[in-house]
>>> print(open('query.tsv').read())   # TSV, C-alpha atoms
chain	number	residue	atom	x	y	z
X	137	MET	CA	-4.54	-117.73	-76.93
X	138	THR	CA	-5.41	-121.42	-76.58
X	139	ASP	CA	-5.87	-121.86	-80.33
X	140	ASP	CA	-2.47	-120.44	-81.14
X	141	LYS	CA	-0.72	-122.63	-78.58
X	142	ASP	CA	-2.41	-125.64	-80.19
X	143	VAL	CA	-0.78	-124.67	-83.46
X	144	LEU	CA	2.64	-124.74	-81.79
X	145	ARG	CA	1.95	-128.27	-80.51
X	146	ASP	CA	0.58	-129.49	-83.84
X	147	VAL	CA	3.69	-128.23	-85.61
X	148	TRP	CA	6.03	-129.79	-83.04
X	149	PHE	CA	4.35	-133.20	-82.96
X	150	GLY	CA	3.85	-133.62	-86.71
X	151	ARG	CA	5.07	-137.02	-87.91
X	152	ILE	CA	5.72	-138.66	-91.29
X	153	PRO	CA	5.37	-142.44	-91.57
X	154	THR	CA	8.52	-143.61	-93.33
X	155	CYS	CA	9.83	-146.89	-94.70
X	156	PHE	CA	13.62	-147.23	-94.87
X	157	THR	CA	15.06	-149.73	-97.35
X	158	LEU	CA	18.74	-150.60	-97.72
X	159	TYR	CA	20.22	-149.84	-101.13
X	160	GLN	CA	20.52	-153.09	-102.98
X	161	ASP	CA	23.62	-153.51	-105.10
X	162	GLU	CA	24.67	-156.79	-106.67
X	163	ILE	CA	27.28	-157.44	-103.97
X	164	THR	CA	24.86	-157.71	-101.04
X	165	GLU	CA	24.89	-161.17	-99.48
X	166	ARG	CA	21.94	-160.98	-97.16
X	167	GLU	CA	18.62	-159.23	-97.53
X	168	ALA	CA	17.56	-156.75	-94.90
X	169	ASP	CA	13.94	-156.15	-93.96
X	170	PRO	CA	12.72	-152.60	-94.44
X	171	TYR	CA	12.50	-150.53	-91.28
X	172	TYR	CA	9.45	-148.46	-90.44
X	173	LEU	CA	9.62	-145.28	-88.39
X	174	LEU	CA	7.52	-142.19	-87.65
X	175	LEU	CA	9.80	-139.25	-88.37
X	176	PRO	CA	9.33	-135.92	-86.56
X	177	ARG	CA	8.74	-133.22	-89.17
X	178	VAL	CA	10.68	-130.65	-87.16
X	179	SER	CA	13.85	-132.69	-86.65
X	180	TYR	CA	16.79	-133.82	-88.81
X	181	LEU	CA	17.38	-137.21	-90.47
X	182	THR	CA	20.73	-137.92	-88.85
X	183	LEU	CA	19.34	-137.02	-85.42
X	184	VAL	CA	16.45	-139.49	-85.43
X	185	THR	CA	17.72	-142.53	-87.34
X	186	ASP	CA	19.94	-144.33	-84.81
X	187	LYS	CA	17.45	-147.22	-84.80
X	188	VAL	CA	17.59	-147.36	-88.59
X	189	LYS	CA	21.39	-147.61	-88.44
X	190	LYS	CA	21.27	-150.36	-85.80
X	191	HIS	CA	18.76	-152.32	-87.85
X	192	PHE	CA	20.79	-152.34	-91.06
X	193	GLN	CA	24.12	-152.86	-89.32
X	194	LYS	CA	22.84	-156.34	-88.46
X	195	VAL	CA	23.22	-157.47	-92.08
X	196	MET	CA	26.57	-155.80	-92.68
X	197	LYS	CA	30.11	-156.58	-91.68
X	198	GLN	CA	31.65	-153.97	-89.39
X	199	GLU	CA	34.38	-153.09	-91.90
X	200	GLU	CA	31.76	-152.39	-94.57
X	201	VAL	CA	29.96	-149.73	-92.56
X	202	SER	CA	30.51	-146.13	-93.66
X	203	GLU	CA	28.76	-142.81	-93.20
X	204	ILE	CA	25.03	-143.27	-93.66
X	205	TRP	CA	23.17	-141.16	-96.16
X	206	PHE	CA	19.59	-141.13	-97.43
X	207	GLU	CA	18.02	-140.81	-100.81
X	208	TYR	CA	14.49	-140.51	-102.21
X	209	GLU	CA	13.93	-141.62	-105.83
X	210	GLY	CA	17.51	-140.80	-106.75
X	211	THR	CA	17.66	-137.48	-104.92
X	212	PRO	CA	20.13	-137.39	-102.02
X	213	LEU	CA	18.32	-135.99	-98.97
X	214	LYS	CA	20.14	-133.14	-97.24
X	215	TRP	CA	20.23	-134.06	-93.57
X	216	HIS	CA	20.68	-130.41	-92.63
X	217	TYR	CA	17.23	-129.57	-94.00
X	218	PRO	CA	14.36	-130.33	-91.58
X	219	ILE	CA	12.59	-133.61	-92.34
X	220	GLY	CA	9.20	-131.97	-92.90
X	221	LEU	CA	10.71	-129.65	-95.50
X	222	LEU	CA	12.32	-132.59	-97.35
X	223	PHE	CA	9.02	-134.45	-97.42
X	224	ASP	CA	6.91	-131.47	-98.51
X	225	LEU	CA	9.39	-130.59	-101.22
X	226	HIS	CA	9.99	-134.05	-102.69
X	227	ALA	CA	7.18	-136.39	-101.70
X	228	SER	CA	4.15	-134.57	-100.35
X	229	ASN	CA	1.66	-135.66	-102.98
X	230	THR	CA	2.73	-139.29	-103.05
X	231	ALA	CA	1.34	-142.28	-101.16
X	232	LEU	CA	2.47	-142.94	-97.61
X	233	PRO	CA	4.68	-144.32	-96.17
X	234	TRP	CA	7.52	-142.20	-97.49
X	235	SER	CA	10.03	-144.62	-99.01
X	236	ILE	CA	13.60	-143.65	-98.27
X	237	THR	CA	16.65	-145.58	-99.50
X	238	VAL	CA	19.54	-145.95	-97.07
X	239	HIS	CA	23.16	-145.92	-98.26
X	240	PHE	CA	25.56	-147.37	-95.78
X	241	LYS	CA	28.08	-149.60	-97.47
X	242	LYS	CA	31.63	-148.86	-98.42
X	243	VAL	CA	32.74	-149.31	-101.99
X	244	VAL	CA	34.69	-152.50	-101.45
X	245	GLU	CA	34.60	-154.08	-104.91
X	246	LEU	CA	36.94	-151.49	-106.47
X	247	LEU	CA	39.76	-152.90	-104.32
X	248	PHE	CA	39.80	-156.05	-106.45
X	249	PHE	CA	40.17	-153.96	-109.58
X	250	LEU	CA	43.15	-152.07	-108.19
X	251	LYS	CA	44.99	-155.13	-106.92
X	252	HIS	CA	44.50	-156.72	-110.29
X	253	PHE	CA	46.42	-153.96	-111.98
X	254	HIS	CA	49.58	-154.54	-109.88
X	255	CYS	CA	49.69	-150.90	-109.02
X	256	ASN	CA	52.31	-149.37	-106.84
X	257	LEU	CA	51.37	-150.86	-103.47
X	258	PHE	CA	51.73	-147.57	-101.63
X	259	LEU	CA	49.43	-145.89	-104.11
X	260	VAL	CA	46.96	-148.72	-103.83
X	261	SER	CA	46.83	-148.44	-100.06
X	262	ARG	CA	46.37	-144.66	-100.24
X	263	VAL	CA	43.56	-144.95	-102.78
X	264	ARG	CA	42.08	-147.84	-100.83
X	265	GLU	CA	41.94	-145.57	-97.74
X	266	ARG	CA	39.92	-143.00	-99.64
X	267	LEU	CA	37.62	-145.53	-101.29
X	268	LEU	CA	36.82	-147.35	-98.08
X	269	ARG	CA	35.72	-144.10	-96.50
X	270	SER	CA	32.79	-143.51	-98.74
X	271	ALA	CA	29.65	-145.35	-99.76
X	272	ASN	CA	29.53	-143.40	-102.98
X	273	PHE	CA	28.85	-140.40	-100.73
X	274	PRO	CA	27.46	-137.67	-102.97
X	275	GLU	CA	29.94	-134.95	-101.97
X	276	LYS	CA	28.38	-132.37	-104.26
X	277	ASP	CA	24.91	-132.70	-102.73
X	278	LEU	CA	25.38	-133.54	-99.09
X	279	LEU	CA	27.27	-132.25	-96.09
X	280	HIS	CA	29.03	-134.78	-93.90
X	281	CYS	CA	27.57	-135.54	-90.49
X	282	HIS	CA	30.13	-137.40	-88.44
X	283	SER	CA	28.53	-136.75	-85.04
X	284	LYS	CA	25.54	-135.22	-83.26
X	285	ASP	CA	27.77	-132.20	-82.49
X	286	VAL	CA	27.65	-131.30	-86.17
X	287	ILE	CA	23.83	-131.29	-86.09
X	288	GLU	CA	23.81	-129.19	-82.92
X	289	ALA	CA	26.23	-126.67	-84.43
X	290	HIS	CA	24.12	-126.38	-87.57
X	291	PHE	CA	20.88	-126.04	-85.59
X	292	MET	CA	22.29	-123.33	-83.35
X	293	ALA	CA	23.78	-121.47	-86.31
X	294	CYS	CA	20.31	-121.34	-87.93
X	295	ILE	CA	18.76	-120.03	-84.72
X	296	LYS	CA	21.46	-117.37	-84.51
X	297	GLU	CA	20.96	-116.37	-88.12
X	298	ALA	CA	17.20	-116.13	-87.56
X	299	ASP	CA	17.70	-113.92	-84.52
X	300	ALA	CA	20.11	-111.71	-86.43
X	301	LEU	CA	17.19	-111.04	-88.78
X	302	LYS	CA	14.48	-110.75	-86.09
X	303	HIS	CA	16.28	-108.87	-83.34
X	304	LYS	CA	19.77	-107.92	-84.60
X	305	SER	CA	20.92	-110.91	-82.49
X	306	GLN	CA	20.03	-109.07	-79.25
X	307	VAL	CA	17.79	-111.78	-77.80
X	308	ILE	CA	20.03	-114.76	-78.60
X	309	ASN	CA	23.11	-112.91	-77.34
X	310	GLU	CA	21.44	-112.01	-74.04
X	311	MET	CA	20.75	-115.69	-73.35
X	312	GLN	CA	23.16	-117.79	-71.37
X	313	LYS	CA	24.94	-120.80	-72.80
X	314	LYS	CA	22.63	-123.07	-70.81
X	315	ASP	CA	19.59	-121.55	-72.54
X	316	HIS	CA	21.15	-122.32	-75.93
X	317	LYS	CA	21.80	-125.84	-74.73
X	318	GLN	CA	18.18	-126.17	-73.62
X	319	LEU	CA	16.94	-125.34	-77.13
X	320	TRP	CA	19.09	-128.14	-78.54
X	321	MET	CA	18.21	-130.64	-75.80
X	322	GLY	CA	14.52	-129.88	-76.26
X	323	LEU	CA	14.77	-130.72	-79.95
X	324	GLN	CA	17.00	-133.74	-79.47
X	325	ASN	CA	14.76	-135.25	-76.77
X	326	ASP	CA	11.46	-134.20	-78.32
X	327	LYS	CA	10.55	-132.07	-75.29
X	328	PHE	CA	8.07	-129.39	-76.40
X	329	GLU	CA	7.82	-127.57	-73.06
X	330	GLN	CA	11.58	-127.58	-72.49
X	331	PHE	CA	12.15	-126.13	-75.96
X	332	TRP	CA	9.45	-123.48	-75.85
X	333	ALA	CA	10.40	-122.28	-72.36
X	334	ILE	CA	13.38	-120.66	-74.09
X	335	ASN	CA	12.12	-120.31	-77.65
X	336	ARG	CA	9.21	-118.08	-76.58
X	337	LYS	CA	11.78	-115.36	-75.85
X	338	LEU	CA	12.92	-115.55	-79.48
X	339	MET	CA	9.30	-114.97	-80.52
X	340	GLU	CA	8.90	-111.73	-78.56
X	341	TYR	CA	9.39	-108.19	-79.82
X	342	PRO	CA	9.52	-104.71	-78.26
X	343	PRO	CA	6.03	-103.36	-77.41
X	344	GLU	CA	6.54	-100.28	-79.59
X	345	ASP	CA	7.06	-102.53	-82.66
X	346	ASN	CA	4.35	-104.72	-84.09
X	347	GLY	CA	6.63	-107.54	-85.07
X	348	PHE	CA	10.17	-108.66	-85.84
X	349	ARG	CA	12.66	-106.52	-87.72
X	350	TYR	CA	12.82	-108.98	-90.62
X	351	ILE	CA	11.18	-112.39	-91.07
X	352	PRO	CA	13.50	-115.43	-91.23
X	353	PHE	CA	12.21	-117.43	-94.19
X	354	ARG	CA	13.47	-119.67	-96.99
X	355	ILE	CA	11.49	-120.59	-100.09
X	356	TYR	CA	12.35	-123.86	-101.86
X	357	GLN	CA	11.37	-125.13	-105.29
X	358	ALA	CA	12.45	-128.60	-106.39
X	359	THR	CA	12.41	-127.45	-110.00
X	360	THR	CA	14.93	-124.61	-109.82
X	361	GLU	CA	18.73	-124.60	-109.74
X	362	ARG	CA	19.11	-122.27	-106.78
X	363	PRO	CA	19.00	-123.89	-103.35
X	364	PHE	CA	16.45	-121.45	-101.85
X	365	ILE	CA	15.32	-117.85	-101.83
X	366	GLN	CA	16.10	-115.84	-98.72
X	367	LYS	CA	15.85	-112.05	-98.64
X	368	LEU	CA	15.09	-109.22	-96.24
X	369	PHE	CA	11.36	-108.82	-95.71
X	370	ARG	CA	9.62	-106.67	-93.12
X	371	PRO	CA	6.47	-108.04	-91.45
X	372	ILE	CA	4.93	-104.57	-91.11
X	373	ALA	CA	4.35	-102.17	-93.98
X	374	SER	CA	5.34	-98.51	-93.67
X	375	GLY	CA	1.67	-97.65	-93.11
X	376	GLY	CA	1.50	-100.06	-90.18
X	377	GLN	CA	-0.53	-102.82	-91.82
X	378	LEU	CA	0.58	-106.44	-91.47
X	379	HIS	CA	2.24	-108.00	-94.51
X	380	THR	CA	0.75	-111.35	-95.53
X	381	LEU	CA	2.15	-114.59	-96.94
X	382	GLY	CA	0.80	-113.43	-100.29
X	383	ASP	CA	2.72	-110.15	-99.98
X	384	LEU	CA	5.93	-112.07	-99.29
X	385	LEU	CA	5.48	-114.34	-102.29
X	386	LYS	CA	4.54	-111.47	-104.58
X	387	ASP	CA	7.74	-109.73	-103.56
X	388	VAL	CA	10.30	-112.54	-103.72
X	389	CYS	CA	8.71	-115.34	-105.75
X	390	PRO	CA	5.72	-114.09	-107.77
X	391	SER	CA	5.71	-117.15	-110.07
X	392	ALA	CA	4.53	-119.16	-107.06
X	393	ILE	CA	1.18	-117.40	-106.97
X	394	THR	CA	0.68	-116.29	-110.56
X	395	PRO	CA	-1.80	-118.56	-112.28
X	396	GLU	CA	-0.73	-119.94	-115.66
X	397	ASP	CA	-3.54	-120.11	-118.22
X	398	GLY	CA	-5.98	-119.16	-115.49
X	399	GLU	CA	-4.98	-122.12	-113.32
X	400	GLN	CA	-2.99	-122.20	-110.12
X	401	LYS	CA	-0.22	-124.63	-111.08
X	402	THR	CA	1.60	-124.64	-107.75
X	403	GLN	CA	0.99	-125.19	-104.05
X	404	VAL	CA	2.57	-123.13	-101.29
X	405	MET	CA	3.23	-125.57	-98.47
X	406	ILE	CA	4.39	-125.21	-94.88
X	407	HIS	CA	4.33	-128.22	-92.54
X	408	GLY	CA	2.24	-130.17	-94.99
X	409	ILE	CA	-0.56	-127.61	-95.28
X	410	GLU	CA	-1.36	-124.70	-97.57
X	411	PRO	CA	-1.85	-121.65	-95.33
X	412	MET	CA	-4.18	-118.98	-96.69
X	413	LEU	CA	-2.24	-116.30	-98.55
X	414	GLU	CA	-3.98	-113.68	-96.40
X	415	THR	CA	-2.28	-114.98	-93.25
X	416	PRO	CA	-0.07	-112.31	-91.64
X	417	ILE	CA	3.57	-113.31	-92.10
X	418	GLN	CA	4.35	-112.16	-88.55
X	419	TRP	CA	1.83	-114.71	-87.20
X	420	LEU	CA	3.27	-117.43	-89.45
X	421	SER	CA	6.77	-116.64	-88.25
X	422	GLU	CA	5.73	-116.88	-84.58
X	423	HIS	CA	3.62	-120.02	-84.93
X	424	MET	CA	4.77	-122.03	-87.91
X	425	SER	CA	8.50	-121.62	-87.92
X	426	TYR	CA	10.56	-124.74	-87.46
X	427	PRO	CA	12.55	-125.07	-84.21
X	428	ASP	CA	15.45	-123.40	-86.06
X	429	ASN	CA	13.19	-120.29	-86.11
X	430	PHE	CA	12.96	-120.24	-89.91
X	431	LEU	CA	9.79	-120.47	-91.99
X	432	HIS	CA	10.73	-123.13	-94.56
X	433	ILE	CA	8.26	-122.79	-97.43
X	434	SER	CA	7.94	-125.28	-100.30
X	435	ILE	CA	6.58	-124.37	-103.73
X	436	ILE	CA	5.52	-127.61	-105.39
X	437	PRO	CA	3.51	-128.59	-108.46
X	438	ARG	CA	-0.19	-128.86	-107.75
X	439	PRO	CA	-1.40	-132.44	-108.27
X	440	THR	CA	-3.49	-132.72	-111.40
X	441	ASP	CA	-6.14	-135.15	-110.23
U	4	GLN	CA	10.93	-103.18	-101.37
U	5	ALA	CA	11.88	-103.84	-104.99
U	6	SER	CA	9.68	-106.16	-107.00
U	7	ASP	CA	10.99	-109.59	-107.93
U	8	GLY	CA	11.55	-108.35	-111.49
U	9	GLY	CA	13.82	-105.67	-110.08
U	10	ARG	CA	15.71	-108.12	-107.92
U	11	ALA	CA	16.20	-110.65	-110.74
U	12	LEU	CA	17.55	-107.87	-112.96
U	13	CYS	CA	19.85	-106.88	-110.14
U	14	ASP	CA	21.26	-110.42	-109.97
U	15	THR	CA	21.98	-110.36	-113.71
U	16	LEU	CA	23.54	-106.89	-113.78
U	17	PHE	CA	25.57	-107.46	-110.63
U	18	PRO	CA	26.63	-111.12	-110.58
U	19	ALA	CA	29.33	-110.49	-108.01
U	20	VAL	CA	29.19	-108.89	-104.58
U	21	ASP	CA	31.89	-107.18	-102.56
U	22	VAL	CA	33.15	-109.20	-99.65
U	23	LEU	CA	35.49	-107.87	-96.97
U	24	LEU	CA	37.47	-110.56	-95.18
U	25	LYS	CA	38.65	-109.89	-91.64
U	26	ALA	CA	40.99	-112.17	-89.69
U	27	VAL	CA	40.18	-113.07	-86.09
U	28	GLY	CA	42.72	-113.77	-83.36
U	29	ASP	CA	46.10	-114.97	-84.61
U	30	THR	CA	44.76	-116.21	-87.94
U	31	PRO	CA	46.97	-114.93	-90.77
U	32	ILE	CA	45.72	-111.72	-92.36
U	33	MET	CA	45.07	-111.71	-96.09
U	34	ARG	CA	47.06	-109.08	-97.95
U	35	THR	CA	44.06	-108.42	-100.16
U	36	LYS	CA	41.00	-108.12	-97.99
U	37	LYS	CA	38.35	-106.95	-100.42
U	38	TRP	CA	37.12	-109.38	-103.07
U	39	ALA	CA	34.39	-109.45	-105.71
U	40	VAL	CA	32.75	-112.84	-105.17
U	41	GLU	CA	30.13	-114.42	-107.47
U	42	ARG	CA	26.71	-114.53	-105.83
U	43	THR	CA	26.49	-118.27	-106.32
U	44	ARG	CA	29.84	-119.02	-104.69
U	45	THR	CA	29.25	-121.06	-101.54
U	46	ILE	CA	30.83	-120.53	-98.15
U	47	GLN	CA	32.74	-123.80	-98.67
U	48	GLY	CA	34.06	-122.42	-101.96
U	49	LEU	CA	35.16	-119.27	-100.17
U	50	VAL	CA	36.82	-121.30	-97.39
U	51	ASP	CA	38.77	-123.31	-99.98
U	52	PHE	CA	39.85	-120.09	-101.66
U	53	ILE	CA	41.03	-118.45	-98.42
U	54	LYS	CA	42.93	-121.60	-97.42
U	55	LYS	CA	44.73	-121.66	-100.78
U	56	PHE	CA	45.50	-117.95	-100.57
U	57	LEU	CA	46.86	-118.25	-97.03
U	58	LYS	CA	48.65	-121.48	-97.95
U	59	LEU	CA	46.86	-123.38	-95.20
U	60	MET	CA	46.63	-127.15	-95.40
U	61	ALA	CA	43.36	-128.62	-96.67
U	62	SER	CA	43.04	-130.50	-93.39
U	63	GLU	CA	43.19	-127.30	-91.31
U	64	GLN	CA	39.85	-125.94	-90.19
U	65	LEU	CA	38.65	-122.48	-91.10
U	66	PHE	CA	35.51	-120.94	-89.63
U	67	ILE	CA	33.58	-118.12	-91.28
U	68	TYR	CA	31.27	-115.79	-89.36
U	69	VAL	CA	28.63	-113.28	-90.40
U	70	ASN	CA	27.98	-110.24	-88.19
U	71	GLN	CA	30.40	-111.76	-85.69
U	72	SER	CA	27.45	-113.84	-84.57
U	73	PHE	CA	26.78	-116.96	-86.63
U	74	ALA	CA	28.63	-119.43	-88.83
U	75	PRO	CA	26.72	-119.96	-92.09
U	76	SER	CA	26.30	-123.45	-93.51
U	77	PRO	CA	29.05	-124.48	-95.99
U	78	ASP	CA	26.50	-124.69	-98.81
U	79	GLN	CA	25.09	-121.23	-98.23
U	80	GLU	CA	25.50	-118.81	-101.12
U	81	VAL	CA	27.47	-115.58	-100.69
U	82	GLY	CA	24.82	-113.68	-102.67
U	83	THR	CA	22.08	-114.60	-100.20
U	84	LEU	CA	24.24	-113.61	-97.23
U	85	TYR	CA	25.03	-110.30	-98.94
U	86	GLU	CA	21.32	-109.61	-99.51
U	87	CYS	CA	20.45	-110.26	-95.89
U	88	PHE	CA	23.52	-109.14	-93.98
U	89	GLY	CA	25.44	-106.81	-96.26
U	90	SER	CA	25.83	-103.13	-95.41
U	91	ASP	CA	27.43	-100.16	-97.16
U	92	GLY	CA	27.62	-102.19	-100.36
U	93	LYS	CA	29.64	-105.06	-98.90
U	94	LEU	CA	29.41	-108.24	-96.88
U	95	VAL	CA	31.85	-108.39	-93.99
U	96	LEU	CA	32.99	-111.92	-93.10
U	97	HIS	CA	35.29	-112.82	-90.24
U	98	TYR	CA	37.45	-115.89	-90.63
U	99	CYS	CA	39.25	-117.84	-87.95
U	100	LYS	CA	41.24	-121.06	-87.57
U	101	THR	CA	39.48	-121.78	-84.29
U	102	GLN	CA	35.85	-121.38	-83.25
U	103	ALA	CA	35.26	-117.76	-82.30
U	104	TRP	CA	31.55	-117.16	-81.79
U	105	GLY	CA	30.29	-120.72	-81.33
>>> encode(input="query.tsv", output="structure tokens")
Amino acid sequence: MTDDKDVLRDVWFGRIPTCFTLYQDEITEREADPYYLLLPRVSYLTLVTDKVKKHFQKVMKQEEVSEIWFEYEGTPLKWHYPIGLLFDLHASNTALPWSITVHFKKVVELLFFLKHFHCNLFLVSRVRERLLRSANFPEKDLLHCHSKDVIEAHFMACIKEADALKHKSQVINEMQKKDHKQLWMGLQNDKFEQFWAINRKLMEYPPEDNGFRYIPFRIYQATTERPFIQKLFRPIASGGQLHTLGDLLKDVCPSAITPEDGEQKTQVMIHGIEPMLETPIQWLSEHMSYPDNFLHISIIPRPTD
Amino acid sequence: QASDGGRALCDTLFPAVDVLLKAVGDTPIMRTKKWAVERTRTIQGLVDFIKKFLKLMASEQLFIYVNQSFAPSPDQEVGTLYECFGSDGKLVLHYCKTQAWG
């Protein structure tokens, strides 16, 4: 259907205008201009910010540069979550551009403190090693991302997990290594056709079934402790009718759709829009999953204006 | 499918899930293979535990696989993996010092 294919393109080409600013601590000598970039909703921060890195490296000494990480209003942004999910979850009802703070600098000033204390020199050098490796990297919140290989491995693992749910891994396992590579290259190079030439196979199901075995989904709420909700959920009811987005939420996260005091206090957001709760979850899974084949759903407070 | 109320109660009554750890290749085998693991324990937490138990060095790599098909993210919770990929009341995880299933 032409309309449905348009949805695939709209999802793929969604962009978020973003302004990157370098974290300003008292030790910075030079100011760096902010850097503006349109971020692909379906990609990952560490995959699309090489230009951001290059820009800010210009005002830093080589020895000061450490692993880059990003933060929005104090919240470290998990690079292994798709960009669109991060935005919908943390910033969707705020003014554009999305303002992200970049952390890039090693903690150099603590060296002075240590030398001052005439510590055992060996100990100082060992501690110095560890300090110089991090820019206050929030180990508890973020995974490290030392190369693009790490992103590729994570991306492919998500696709494999999704197919384990959809097809008991049969489709992904039948593919050749070059097909797996094509999925990654398609994402990395922003090539819709290249990606979907392979991904369409992951969206098929046996003719005797009316959908996938289980739907790969994750539901996120910024307000709760748990990272996300992910459970087994069948797209087709025992009677043969199609389960809807509303059915899914009622089953695994009813607070998301239960009005409080007669008002709907939350929004259910996917790719920046609120799909109708009557939408069949099978259709959503086929058309509005991220390239990792998961439906990443954000439950956020409804703006009160 | 159970209602959310039922599932939440389940999480409270059964805070731990049974995990069966299987070694792959020439990775050392754990003497105790079956463990009750808290639902909120992450894969990274489990990796650290296995490394300690097997007396591996912190710098050595350890890969964990679900269904012998995918490596879950280090921050993924064991409880979620059990819900989605457990069978016969347990979650089977394969562990390996080298990459096994990519």
>>> atom_distance(input="query.tsv", atom1="CA of Lys317 (chain X)", atom2="CA of His407 (chain X)")
25.1 Å
>>> closest_residue(input="query.tsv", among="U:Phe66, U:Gly92, U:Leu57, U:Cys87", to="Ile351 (chain X)", atoms="all atoms listed in the file")
U:Cys87
>>> residues_around(input="query.tsv", residues="region 30-39 of chain U", least_positions_apart="4", cutoff="9 Å", atoms="only C-alpha atoms", output="PyMOL selection string")
chain U and resi 19-26+53+56-57+98-101
>>> closest_atom_pairs(input="query.tsv", of="chain U", to="chain X", cutoff="7 Å", atoms="only C-alpha atoms", output="tab-separated table")
residue	atom	partner	partner_atom	distance
U:Ser6	CA	X:Asp387	CA	5.3
U:Asp7	CA	X:Val388	CA	5.2
U:Ser72	CA	X:Lys296	CA	7.0
U:Phe73	CA	X:Ala293	CA	5.4
U:Ala74	CA	X:Ala293	CA	5.8
U:Pro75	CA	X:Ala293	CA	6.7
U:Ser76	CA	X:His290	CA	7.0
U:Thr83	CA	X:Gln366	CA	6.3
U:Glu86	CA	X:Lys367	CA	6.1
U:Cys87	CA	X:Leu368	CA	5.5
>>> write_last_selection(input="query.tsv", atoms="C-alpha atoms", output="PDB file, keeping the file's coordinate frame")
ATOM      1  CA  SER U   6       9.680-106.160-107.000  1.00  0.00           C
ATOM      2  CA  ASP U   7      10.990-109.590-107.930  1.00  0.00           C
ATOM      3  CA  SER U  72      27.450-113.840 -84.570  1.00  0.00           C
ATOM      4  CA  PHE U  73      26.780-116.960 -86.630  1.00  0.00           C
ATOM      5  CA  ALA U  74      28.630-119.430 -88.830  1.00  0.00           C
ATOM      6  CA  PRO U  75      26.720-119.960 -92.090  1.00  0.00           C
ATOM      7  CA  SER U  76      26.300-123.450 -93.510  1.00  0.00           C
ATOM      8  CA  THR U  83      22.080-114.600-100.200  1.00  0.00           C
ATOM      9  CA  GLU U  86      21.320-109.610 -99.510  1.00  0.00           C
ATOM     10  CA  CYS U  87      20.450-110.260 -95.890  1.00  0.00           C
TER      11      CYS U  87
END
>>> atom_distance(input="query.tsv", atom1="CA of Phe348 (chain X)", atom2="CA of Gly220 (chain X)")
24.4 Å
>>> atom_distance(input="query.tsv", atom1="CA of Gln357 (chain X)", atom2="CA of Glu207 (chain X)")
17.6 Å
>>> residues_around(input="query.tsv", residues="Met405 (chain X)", least_positions_apart="5", cutoff="12 Å", atoms="only C-alpha atoms", output="PyMOL selection string")
chain X and resi 220-229+354-357+381+392-393+410-413+424+431-438
>>> closest_residue(input="query.tsv", among="X:Leu144, X:Leu319, X:Asn346, X:Gly210", to="Gly375 (chain X)", atoms="all atoms listed in the file")
X:Asn346
>>> residues_around(input="query.tsv", residues="Ser62 (chain U)", least_positions_apart="6", cutoff="12 Å", atoms="only C-alpha atoms", output="PyMOL selection string")
chain U and resi 50-51+54-55+100
>>> closest_residue(input="query.tsv", among="U:Glu80, U:Asp91, U:Arg44, U:His97", to="Ile67 (chain U)", atoms="all atoms listed in the file")
U:His97
>>> residues_around(input="query.tsv", residues="Pro439 (chain X)", least_positions_apart="4", cutoff="9 Å", atoms="only C-alpha atoms", output="JSON, numbers by chain")
{"X": [229, 401, 402, 403]}
>>> decode(input="query.tsv", residues="region 83-90 of chain U", atoms="N, CA, C and O atoms", output="mmCIF file, in the first residue's frame")
data_model
loop_
_atom_site.group_PDB
_atom_site.id
_atom_site.type_symbol
_atom_site.label_atom_id
_atom_site.label_comp_id
_atom_site.auth_asym_id
_atom_site.auth_seq_id
_atom_site.Cartn_x
_atom_site.Cartn_y
_atom_site.Cartn_z
ATOM 1 N N THR U 83 13.342 -9.122 33.232
ATOM 2 C CA THR U 83 12.727 -8.899 31.916
ATOM 3 C C THR U 83 13.077 -10.036 30.962
ATOM 4 O O THR U 83 12.213 -10.538 30.236
ATOM 5 N N LEU U 84 14.329 -10.454 30.972
ATOM 6 C CA LEU U 84 14.759 -11.554 30.101
ATOM 7 C C LEU U 84 14.031 -12.842 30.480
ATOM 8 O O LEU U 84 13.608 -13.612 29.616
ATOM 9 N N TYR U 85 13.829 -13.045 31.785
ATOM 10 C CA TYR U 85 13.110 -14.237 32.245
ATOM 11 C C TYR U 85 11.660 -14.216 31.736
ATOM 12 O O TYR U 85 11.151 -15.214 31.237
ATOM 13 N N GLU U 86 11.020 -13.054 31.845
ATOM 14 C CA GLU U 86 9.632 -12.911 31.386
ATOM 15 C C GLU U 86 9.492 -13.250 29.919
ATOM 16 O O GLU U 86 8.512 -13.857 29.497
ATOM 17 N N CYS U 87 10.469 -12.806 29.133
ATOM 18 C CA CYS U 87 10.337 -12.934 27.678
ATOM 19 C C CYS U 87 10.949 -14.212 27.117
ATOM 20 O O CYS U 87 10.507 -14.695 26.080
ATOM 21 N N PHE U 88 11.981 -14.714 27.794
ATOM 22 C CA PHE U 88 12.707 -15.842 27.193
ATOM 23 C C PHE U 88 12.876 -17.025 28.130
ATOM 24 O O PHE U 88 13.571 -17.984 27.803
ATOM 25 N N GLY U 89 12.234 -16.955 29.305
ATOM 26 C CA GLY U 89 12.314 -18.085 30.218
ATOM 27 C C GLY U 89 11.412 -19.218 29.752
ATOM 28 O O GLY U 89 10.448 -19.004 29.014
ATOM 29 N N SER U 90 11.748 -20.447 30.164
ATOM 30 C CA SER U 90 10.888 -21.592 29.873
ATOM 31 C C SER U 90 11.076 -22.609 30.987
ATOM 32 O O SER U 90 12.160 -22.700 31.574
#
